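Here's the structure, in structure tokens; my notes come after.
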Amino acid sequence: MTQSRVVLITGASLGLGRAMALGLLEAGHRIFAMGRSRERLAALEAEVAALGRAEQLTTAQGDVRVAADCEATLEAARRAFGNVDVLINNAGFHLEESAKFYELSEAEWRASFDTNITGAFFMARAVVGGMLARGWGRIVNHQTNYATMLRAGMNPYGPAKAALEAATASWAAELAGTGVTVNEILPGGAADVARLSVERFPDRSKLVAPAVLVAPIRWLVSTESDAYSGYRIVANRWNAGATISDNLAAAAELAGWRGPLTP
């Protein structure tokens, strides 16, 4: 039987965050969902209540770009469920239209870095002390493909995600042997989320369904992944019916541009 964990997810009310929240709730985990929109969080609460799982979910409005909000969210999660076992840094910021770096405003640049890397740092810093004290924990950062990090027109999102890639590798190294792991999850391609409009992507079958993240995120938050830290899991390569060994061979890469899991 899967051990129930307390999972704090940022950006949990939409898209990939919502898919992971619902998948983990179904597996019996308790979810503390953080998001900036009270209206969207309320919609998530209603959806979960309709599934008969209201007692497994608590939400809080907050902005990962604000350190005080991150600390307050952690305290609220502790009051609701006790210790936080898992942090999923899913909150992200991406401009609707691509731009060259010299066309960006300072506000656009800062919003991307403040959300995609500084927010992840604020949240990880807030939760890691308790995880270290208990000798077990999970930090999972939502990531993108390497090509996106480097592609022209992907500023400032690409560089911000490249910073998160380096952070994942270094955080995993610093936490080695503590029982706290740091890994990444990514859909493996453009995902079928509201941010990608129907006008721009009329054929939704070419987009990655958010549900592909469910099986690998369930594995990442379990004790089966205890020995794995510093990896990126490409979700659309994961087959829920395959063995863990086969899935790791197909979907796992070492974080930090270091290549596949196996030679």
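Chain labels follow the order of the structure tokens: the first chain is A, the next B, and so on; residue numbering restarts at 1 in every chain, and ligands are counted from 1 in their shown order.
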Considering only C-alpha atoms, return as a PDB file with all heavy atoms, in the first residue's frame whatever protein or nucleic-acid residues lie within 8 Å of Ile233 in chain A, sequence-local ones (same chain, fewer than 5 positions apart) excluded.
```
ATOM      1  N   ASN A 183      14.888  16.210  -7.690  1.00  0.00           N
ATOM      2  CA  ASN A 183      14.771  15.749  -9.068  1.00  0.00           C
ATOM      3  C   ASN A 183      13.895  16.707  -9.858  1.00  0.00           C
ATOM      4  O   ASN A 183      13.343  17.669  -9.313  1.00  0.00           O
ATOM      5  CB  ASN A 183      14.178  14.332  -9.111  1.00  0.00           C
ATOM      6  CG  ASN A 183      15.106  13.291  -8.525  1.00  0.00           C
ATOM      7  OD1 ASN A 183      16.122  12.945  -9.118  1.00  0.00           O
ATOM      8  ND2 ASN A 183      14.765  12.778  -7.340  1.00  0.00           N
ATOM      9  N   GLU A 184      13.769  16.422 -11.150  1.00  0.00           N
ATOM     10  CA  GLU A 184      12.950  17.233 -12.029  1.00  0.00           C
ATOM     11  C   GLU A 184      11.944  16.357 -12.769  1.00  0.00           C
ATOM     12  O   GLU A 184      12.187  15.176 -12.989  1.00  0.00           O
ATOM     13  CB  GLU A 184      13.812  17.942 -13.081  1.00  0.00           C
ATOM     14  CG  GLU A 184      14.794  18.928 -12.509  1.00  0.00           C
ATOM     15  CD  GLU A 184      15.697  19.534 -13.560  1.00  0.00           C
ATOM     16  OE1 GLU A 184      16.006  18.853 -14.573  1.00  0.00           O
ATOM     17  OE2 GLU A 184      16.103  20.692 -13.365  1.00  0.00           O
ATOM     18  N   ILE A 185      10.839  16.972 -13.163  1.00  0.00           N
ATOM     19  CA  ILE A 185       9.881  16.318 -14.035  1.00  0.00           C
ATOM     20  C   ILE A 185       9.518  17.290 -15.143  1.00  0.00           C
ATOM     21  O   ILE A 185       9.408  18.493 -14.911  1.00  0.00           O
ATOM     22  CB  ILE A 185       8.624  15.857 -13.252  1.00  0.00           C
ATOM     23  CG1 ILE A 185       7.787  14.903 -14.097  1.00  0.00           C
ATOM     24  CG2 ILE A 185       7.806  17.030 -12.747  1.00  0.00           C
ATOM     25  CD1 ILE A 185       6.706  14.170 -13.318  1.00  0.00           C
ATOM     26  N   LEU A 186       9.386  16.781 -16.359  1.00  0.00           N
ATOM     27  CA  LEU A 186       9.013  17.617 -17.492  1.00  0.00           C
ATOM     28  C   LEU A 186       8.135  16.817 -18.434  1.00  0.00           C
ATOM     29  O   LEU A 186       8.275  15.599 -18.532  1.00  0.00           O
ATOM     30  CB  LEU A 186      10.235  18.151 -18.231  1.00  0.00           C
ATOM     31  CG  LEU A 186      11.240  17.155 -18.790  1.00  0.00           C
ATOM     32  CD1 LEU A 186      11.924  17.741 -20.035  1.00  0.00           C
ATOM     33  CD2 LEU A 186      12.324  16.843 -17.745  1.00  0.00           C
ATOM     34  N   PRO A 216       4.873   9.112 -13.364  1.00  0.00           N
ATOM     35  CA  PRO A 216       6.218   9.381 -12.852  1.00  0.00           C
ATOM     36  C   PRO A 216       6.245  10.200 -11.565  1.00  0.00           C
ATOM     37  O   PRO A 216       7.118   9.990 -10.724  1.00  0.00           O
ATOM     38  CB  PRO A 216       6.913  10.111 -14.005  1.00  0.00           C
ATOM     39  CG  PRO A 216       5.835  10.576 -14.906  1.00  0.00           C
ATOM     40  CD  PRO A 216       4.710   9.617 -14.738  1.00  0.00           C
ATOM     41  N   LEU A 248      13.074   3.927 -16.247  1.00  0.00           N
ATOM     42  CA  LEU A 248      14.246   4.753 -15.976  1.00  0.00           C
ATOM     43  C   LEU A 248      15.191   4.765 -17.173  1.00  0.00           C
ATOM     44  O   LEU A 248      15.771   5.799 -17.513  1.00  0.00           O
ATOM     45  CB  LEU A 248      14.966   4.252 -14.722  1.00  0.00           C
ATOM     46  CG  LEU A 248      14.210   4.477 -13.406  1.00  0.00           C
ATOM     47  CD1 LEU A 248      14.941   3.821 -12.249  1.00  0.00           C
ATOM     48  CD2 LEU A 248      14.021   5.966 -13.136  1.00  0.00           C
ATOM     49  N   ALA A 251      13.245   7.100 -19.680  1.00  0.00           N
ATOM     50  CA  ALA A 251      12.785   8.441 -19.345  1.00  0.00           C
ATOM     51  C   ALA A 251      13.704   9.249 -18.444  1.00  0.00           C
ATOM     52  O   ALA A 251      13.490  10.463 -18.290  1.00  0.00           O
ATOM     53  CB  ALA A 251      11.413   8.340 -18.674  1.00  0.00           C
ATOM     54  N   ALA A 252      14.707   8.639 -17.824  1.00  0.00           N
ATOM     55  CA  ALA A 252      15.542   9.352 -16.849  1.00  0.00           C
ATOM     56  C   ALA A 252      16.850   9.831 -17.466  1.00  0.00           C
ATOM     57  O   ALA A 252      17.503   9.111 -18.215  1.00  0.00           O
ATOM     58  CB  ALA A 252      15.831   8.456 -15.649  1.00  0.00           C
ATOM     59  N   GLU A 253      17.197  11.075 -17.147  1.00  0.00           N
ATOM     60  CA  GLU A 253      18.471  11.656 -17.543  1.00  0.00           C
ATOM     61  C   GLU A 253      19.109  12.290 -16.307  1.00  0.00           C
ATOM     62  O   GLU A 253      18.402  12.709 -15.394  1.00  0.00           O
ATOM     63  CB  GLU A 253      18.277  12.736 -18.601  1.00  0.00           C
ATOM     64  CG  GLU A 253      17.567  12.276 -19.858  1.00  0.00           C
ATOM     65  CD  GLU A 253      17.187  13.429 -20.764  1.00  0.00           C
ATOM     66  OE1 GLU A 253      17.184  14.588 -20.291  1.00  0.00           O
ATOM     67  OE2 GLU A 253      16.881  13.169 -21.942  1.00  0.00           O
TER      68      GLU A 253
END
```
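In this comparison, which uses only C-alpha atoms, the residue of A:Ala240, A:Cys70, A:Val198, A:Leu14 approaching Ala42 in chain A most closely is A:Leu14.
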Give one line per residue of range 145-164 of chain A that approaches range 94-118 of chain A to at most 7 Å, naming the two atoms of the closest pair and their distance in Å to one decimal, counting only C-alpha atoms; sort by chain then ascending residue number and deliver it as a Markdown table.
```
| residue | atom | partner | partner_atom | distance |
| --- | --- | --- | --- | --- |
| A:Gly153 | CA | A:Ala99 | CA | 5.0 |
| A:Met154 | CA | A:Ser98 | CA | 6.0 |
| A:Asn155 | CA | A:Phe101 | CA | 5.6 |
| A:Pro156 | CA | A:Trp109 | CA | 5.6 |
| A:Tyr157 | CA | A:His94 | CA | 5.8 |
| A:Ala160 | CA | A:Phe113 | CA | 5.2 |
| A:Lys161 | CA | A:Asn116 | CA | 6.5 |
| A:Ala163 | CA | A:Ile117 | CA | 6.6 |
| A:Leu164 | CA | A:Ile117 | CA | 5.4 |
```
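Each of A:Gly92, A:Gly230, A:Gly17, A:Gly52 was compared to Gly158 in chain A using only C-alpha atoms, and A:Gly92 turns out to be the nearest.
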Would you give me, as a short mmCIF file (atom, residue, chain, number, x, y, z; two decimals) with C-alpha atoms, in the first residue's frame, the residues in range 3-208 of chain A that DSSP reads as strand (DSSP E)?
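After the write, part-v3.cif holds the following:
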```
data_model
loop_
_atom_site.label_atom_id
_atom_site.label_comp_id
_atom_site.auth_asym_id
_atom_site.auth_seq_id
_atom_site.Cartn_x
_atom_site.Cartn_y
_atom_site.Cartn_z
CA VAL A 6 1.88 15.53 2.48
CA VAL A 7 2.67 17.19 -0.85
CA LEU A 8 2.96 20.96 -1.27
CA ILE A 9 2.44 21.96 -4.92
CA THR A 10 2.92 25.49 -6.24
CA ARG A 30 -2.69 14.84 0.92
CA ILE A 31 -2.19 17.98 -1.13
CA PHE A 32 -1.54 21.54 -0.06
CA ALA A 33 -2.10 23.62 -3.20
CA MET A 34 -0.58 27.08 -3.53
CA GLY A 35 -1.59 29.49 -6.28
CA LEU A 57 -6.87 19.02 -0.03
CA THR A 58 -6.11 22.40 1.48
CA THR A 59 -5.30 25.50 -0.53
CA ALA A 60 -3.62 28.86 0.06
CA GLN A 61 -3.32 31.95 -2.07
CA VAL A 86 7.21 16.61 -0.68
CA LEU A 87 7.60 19.95 -2.47
CA ILE A 88 6.71 20.20 -6.14
CA ASN A 89 7.97 23.49 -7.57
CA GLY A 137 11.91 14.34 1.76
CA ARG A 138 11.37 15.12 -1.89
CA ILE A 139 11.94 18.30 -3.88
CA VAL A 140 10.69 18.02 -7.46
CA ASN A 141 11.23 20.92 -9.86
CA HIS A 142 9.09 21.28 -12.97
CA VAL A 180 16.20 14.25 0.87
CA THR A 181 16.26 13.99 -2.92
CA VAL A 182 16.01 16.67 -5.61
CA ASN A 183 14.77 15.75 -9.07
CA GLU A 184 12.95 17.23 -12.03
CA ILE A 185 9.88 16.32 -14.04
CA LEU A 186 9.01 17.62 -17.49
#
```
Discussion item. Quick check for you: according to DSSP on this backbone, which residues of range 39-202 of chain A are classed as alpha helix (DSSP H)? Reply as number ranges by chain.
Written reply: A: 39-50, 67-81, 106-113, 119-134, 146-150, 157-174
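Put simply, CA of Arg18 in chain A is 27.4 Å away from CA of Ser245 in chain A.
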Worksheet item: Tyr146 in chain A: which residues within 10 Å, counting only C-alpha atoms, same-chain residues fewer than 4 positions away excluded, as a list in words?
Response: Leu150, Arg151, Gly158, Lys161, Ala162, Glu165, Gly188, Gly256 and Trp257 of chain A
Would you mind exporting all heavy atoms of the selected residues as a PDB file, in the first residue's frame?
```
ATOM      1  N   LEU A 150      17.745  26.852 -24.743  1.00  0.00           N
ATOM      2  CA  LEU A 150      18.756  27.437 -25.622  1.00  0.00           C
ATOM      3  C   LEU A 150      18.184  28.079 -26.878  1.00  0.00           C
ATOM      4  O   LEU A 150      18.908  28.774 -27.594  1.00  0.00           O
ATOM      5  CB  LEU A 150      19.760  26.353 -26.037  1.00  0.00           C
ATOM      6  CG  LEU A 150      20.430  25.577 -24.892  1.00  0.00           C
ATOM      7  CD1 LEU A 150      21.288  24.445 -25.457  1.00  0.00           C
ATOM      8  CD2 LEU A 150      21.281  26.500 -24.032  1.00  0.00           C
ATOM      9  N   ARG A 151      16.907  27.845 -27.152  1.00  0.00           N
ATOM     10  CA  ARG A 151      16.321  28.268 -28.428  1.00  0.00           C
ATOM     11  C   ARG A 151      16.149  29.778 -28.496  1.00  0.00           C
ATOM     12  O   ARG A 151      15.731  30.428 -27.542  1.00  0.00           O
ATOM     13  CB  ARG A 151      14.972  27.586 -28.616  1.00  0.00           C
ATOM     14  CG  ARG A 151      14.308  27.848 -29.968  1.00  0.00           C
ATOM     15  CD  ARG A 151      12.992  27.110 -30.074  1.00  0.00           C
ATOM     16  NE  ARG A 151      13.192  25.676 -29.981  1.00  0.00           N
ATOM     17  CZ  ARG A 151      12.505  24.876 -29.187  1.00  0.00           C
ATOM     18  NH1 ARG A 151      11.579  25.374 -28.396  1.00  0.00           N
ATOM     19  NH2 ARG A 151      12.739  23.574 -29.173  1.00  0.00           N
ATOM     20  N   GLY A 158      13.666  30.417 -21.198  1.00  0.00           N
ATOM     21  CA  GLY A 158      14.723  29.428 -21.389  1.00  0.00           C
ATOM     22  C   GLY A 158      15.890  29.611 -20.432  1.00  0.00           C
ATOM     23  O   GLY A 158      16.293  28.662 -19.733  1.00  0.00           O
ATOM     24  N   LYS A 161      14.953  28.668 -16.852  1.00  0.00           N
ATOM     25  CA  LYS A 161      14.892  27.223 -16.651  1.00  0.00           C
ATOM     26  C   LYS A 161      16.288  26.600 -16.666  1.00  0.00           C
ATOM     27  O   LYS A 161      16.534  25.589 -15.984  1.00  0.00           O
ATOM     28  CB  LYS A 161      14.007  26.578 -17.719  1.00  0.00           C
ATOM     29  CG  LYS A 161      12.523  26.815 -17.496  1.00  0.00           C
ATOM     30  CD  LYS A 161      12.038  26.140 -16.205  1.00  0.00           C
ATOM     31  CE  LYS A 161      10.536  26.138 -16.089  1.00  0.00           C
ATOM     32  NZ  LYS A 161      10.060  25.449 -14.871  1.00  0.00           N
ATOM     33  N   ALA A 162      17.217  27.181 -17.414  1.00  0.00           N
ATOM     34  CA  ALA A 162      18.603  26.697 -17.377  1.00  0.00           C
ATOM     35  C   ALA A 162      19.200  26.913 -15.986  1.00  0.00           C
ATOM     36  O   ALA A 162      19.948  26.070 -15.477  1.00  0.00           O
ATOM     37  CB  ALA A 162      19.438  27.411 -18.435  1.00  0.00           C
ATOM     38  N   GLU A 165      17.910  24.226 -13.832  1.00  0.00           N
ATOM     39  CA  GLU A 165      18.606  22.965 -14.120  1.00  0.00           C
ATOM     40  C   GLU A 165      19.894  22.863 -13.297  1.00  0.00           C
ATOM     41  O   GLU A 165      20.172  21.834 -12.671  1.00  0.00           O
ATOM     42  CB  GLU A 165      18.936  22.888 -15.612  1.00  0.00           C
ATOM     43  CG  GLU A 165      19.557  21.588 -16.055  1.00  0.00           C
ATOM     44  CD  GLU A 165      18.570  20.433 -16.092  1.00  0.00           C
ATOM     45  OE1 GLU A 165      17.350  20.674 -16.079  1.00  0.00           O
ATOM     46  OE2 GLU A 165      19.032  19.276 -16.134  1.00  0.00           O
ATOM     47  N   GLY A 188       8.041  16.705 -21.686  1.00  0.00           N
ATOM     48  CA  GLY A 188       8.743  16.136 -22.833  1.00  0.00           C
ATOM     49  C   GLY A 188       8.393  16.800 -24.144  1.00  0.00           C
ATOM     50  O   GLY A 188       8.876  16.406 -25.212  1.00  0.00           O
ATOM     51  N   GLY A 256      21.501  18.598 -15.279  1.00  0.00           N
ATOM     52  CA  GLY A 256      22.695  19.413 -15.468  1.00  0.00           C
ATOM     53  C   GLY A 256      23.456  19.099 -16.731  1.00  0.00           C
ATOM     54  O   GLY A 256      24.687  19.172 -16.735  1.00  0.00           O
ATOM     55  N   TRP A 257      22.757  18.715 -17.794  1.00  0.00           N
ATOM     56  CA  TRP A 257      23.395  18.481 -19.098  1.00  0.00           C
ATOM     57  C   TRP A 257      24.440  17.372 -19.033  1.00  0.00           C
ATOM     58  O   TRP A 257      25.420  17.404 -19.745  1.00  0.00           O
ATOM     59  CB  TRP A 257      24.044  19.765 -19.623  1.00  0.00           C
ATOM     60  CG  TRP A 257      23.092  20.909 -19.692  1.00  0.00           C
ATOM     61  CD1 TRP A 257      22.231  21.187 -20.704  1.00  0.00           C
ATOM     62  CD2 TRP A 257      22.904  21.934 -18.717  1.00  0.00           C
ATOM     63  NE1 TRP A 257      21.488  22.314 -20.414  1.00  0.00           N
ATOM     64  CE2 TRP A 257      21.890  22.805 -19.192  1.00  0.00           C
ATOM     65  CE3 TRP A 257      23.485  22.209 -17.477  1.00  0.00           C
ATOM     66  CZ2 TRP A 257      21.443  23.905 -18.476  1.00  0.00           C
ATOM     67  CZ3 TRP A 257      23.052  23.307 -16.762  1.00  0.00           C
ATOM     68  CH2 TRP A 257      22.049  24.154 -17.267  1.00  0.00           C
TER      69      TRP A 257
END
```
Fill in: Length of the CA of Ala19 in chain A to CA of Ala211 in chain A vector [Å]
5.8 Å
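For the choices A:Val221, A:Val64, A:Leu25, A:Ala255, the atom-to-atom distance to Ala173 in chain A is smallest for A:Ala255 when using only C-alpha atoms.
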